[in-house]
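J.: One structure, pasted below without further comment.
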Amino acid sequence: MEQETQELRKAGLKVTHPRMRILQIFEEDGVRHLTAEDVYKKLLAHQEDIGLATVYRVLTQFEAAGILSKHNFEGGQAVYELDRGQHHDHMIDVDSGKVIEFVSEEIERLQRDIAAKHGYEIQDHSLVLYVRPKSRGR
């Protein structure tokens, strides 16, 4: 609880019950990518009286403060994850919607090389691969 309080204060946000509970959901939950509706359902399951509009407002504040990252993957809702400053890319299973995180130094190097070849330096990037499980018969 103290960690969440410090994190909110460091981000310049007042410590409120809704902010504390929503941050705790992201820190405790095993699922890293949550929609606003996922967060709301978890609050309801814990008998928390926090409305969906408040959830959206807090998620937007957390994104602006750098606590959460927001991703808008094709064909789905916006999902949020804790922003711990560790770069990673994503694969989205187009059948199930499952989000898989991965890190590849080879891909990172190739991207830097391509940018340099064209006279640029990467400032930021996002890589999302839309995938489907391989058929077992192939």
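Letters A, B, ... go to the chains of the structure tokens in the order shown; residues in each chain start at 1; ligands are counted from 1 in the same order.
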Taking only C-alpha atoms into account, produce a table as a tab-separated table in which each residue of region 55-101 of chain A with an atom at most 9 Å from an atom of region 128-133 of chain A appears once, together with its shortest atom pair and the distance in Å to one decimal, ordered by chain and rising number.

T.:
residue	atom	partner	partner_atom	distance
A:Phe73	CA	A:Val128	CA	7.9
A:Glu74	CA	A:Tyr130	CA	8.8
A:Asp89	CA	A:Val128	CA	6.3
A:His90	CA	A:Val128	CA	4.9
A:Met91	CA	A:Leu129	CA	4.5
A:Ile92	CA	A:Tyr130	CA	4.8
A:Asp93	CA	A:Val131	CA	4.9
A:Val94	CA	A:Val131	CA	5.9
A:Asp95	CA	A:Arg132	CA	6.6
A:Ser96	CA	A:Arg132	CA	8.9

J.: Could the residues in this selection be written to a file with N, CA and C atoms, as a compact mmCIF listing (two decimals), in the first residue's frame?

T.:
# COMPACT_ATOMS: atom_id res chain seq x y z
N PHE A 73 -4.71 -1.86 -29.96
CA PHE A 73 -4.47 -2.92 -30.92
C PHE A 73 -5.65 -2.99 -31.88
N GLU A 74 -5.37 -3.32 -33.15
CA GLU A 74 -6.42 -3.41 -34.17
C GLU A 74 -7.52 -4.38 -33.74
N ASP A 89 7.86 -5.63 -27.19
CA ASP A 89 6.93 -5.59 -28.30
C ASP A 89 5.79 -6.58 -28.02
N HIS A 90 4.81 -6.59 -28.90
CA HIS A 90 3.62 -7.41 -28.67
C HIS A 90 3.27 -8.26 -29.88
N MET A 91 2.70 -9.43 -29.60
CA MET A 91 2.03 -10.26 -30.59
C MET A 91 0.59 -10.40 -30.12
N ILE A 92 -0.34 -10.31 -31.06
CA ILE A 92 -1.76 -10.46 -30.74
C ILE A 92 -2.27 -11.69 -31.48
N ASP A 93 -2.80 -12.65 -30.74
CA ASP A 93 -3.42 -13.82 -31.34
C ASP A 93 -4.76 -13.36 -31.92
N VAL A 94 -4.89 -13.40 -33.24
CA VAL A 94 -6.09 -12.85 -33.88
C VAL A 94 -7.33 -13.70 -33.61
N ASP A 95 -7.15 -14.95 -33.20
CA ASP A 95 -8.30 -15.79 -32.89
C ASP A 95 -8.82 -15.58 -31.47
N SER A 96 -7.89 -15.50 -30.51
CA SER A 96 -8.29 -15.41 -29.10
C SER A 96 -8.20 -14.01 -28.52

J.: Among chain A, which ones does DSSP assign to strand (DSSP E or B) (computed from the backbone)? Answer as a list in words.

T.: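 Answer for chain A, restricted to strand (DSSP E or B): Leu34, Leu68, Ser69, Lys70, His71, Asn72, Ala78, Val79, Tyr80, Glu81, Leu82, Asp89, His90, Met91, Ile92, Asp93, Val99, Ile100, Glu101, Phe102, Val128, Leu129, Tyr130 and Val131 of chain A.
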
J.: Given the choices A:Lys98, A:His71, A:Gly66, A:Ala36, which gets closest to Gly85 (chain A) if the distance is worked out from only C-alpha atoms?

T.: A:Gly66

J.: Write out as a PyMOL selection string the residues lying within 8 Å of region 51-56 of chain A, counting only C-alpha atoms and excluding same-chain residues fewer than 4 positions away.

T.: chain A and resi 18+22+36-37+39-40+60

J.: I'd like the interatomic distance between CA of His17 (chain A) and CA of Gln77 (chain A), to a tenth of an Å.

T.: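 So the two atoms, CA of His17 (chain A) and CA of Gln77 (chain A), lie 25.5 Å apart.
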
J.: Can you list, as a ChimeraX atom specification, every protein, DNA or RNA residue that comes within 9 Å of Ile67 (chain A) when you count only C-alpha atoms, leaving out same-chain residues fewer than 6 positions away?

T.: /A:7-8,11,23,61,81-84

J.: Could you pull out all residues of region 21-58 of chain A with a DSSP call of helix (DSSP H, G or I) and give them as an MDAnalysis selection string?

T.: chainID A and resid 21:28 36:45 52:58

J.: Excluding same-chain residues fewer than 3 positions from Asp38 (chain A), what lies within 12 Å of it counting only C-alpha atoms, as a list in words?

T.: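 In the requested form, the answer reads Ile22, Ile25, Phe26, Asp29, Val31, Arg32, His33, Leu34, Thr35, Lys41, Lys42, Leu43, Leu44, Ala45, Leu52, Val55, Tyr56, Leu59, Gln77, Ala78, Val79, Tyr80 and Glu81 of chain A.
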
J.: Just want the 9 Å neighbourhood of His88 (chain A), counted on only C-alpha atoms, with same-chain residues fewer than 5 positions away dropped. Output as a PyMOL selection string.

T.: chain A and resi 101-104+126-127

J.: Counting only C-alpha atoms, which residue out of A:Arg21, A:Val99, A:Glu28, A:Lys134 sits closest to Asn72 (chain A)?

T.: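 Distance minimum relative to Asn72 (chain A) lands on A:Val99.
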
J.: In terms of the shortest atom-to-atom distance over only C-alpha atoms, which of A:Leu13, A:Ile100, A:Met20, A:Ile107 is closest to Ala65 (chain A)?

T.: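 Nearest candidate to Ala65 (chain A) out of A:Leu13, A:Ile100, A:Met20, A:Ile107: A:Leu13.
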
J.: CA of Ile50 (chain A) to CA of Leu68 (chain A): how many Å, to one decimal?

T.: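 CA of Leu68 (chain A) lies 19.0 Å from CA of Ile50 (chain A).
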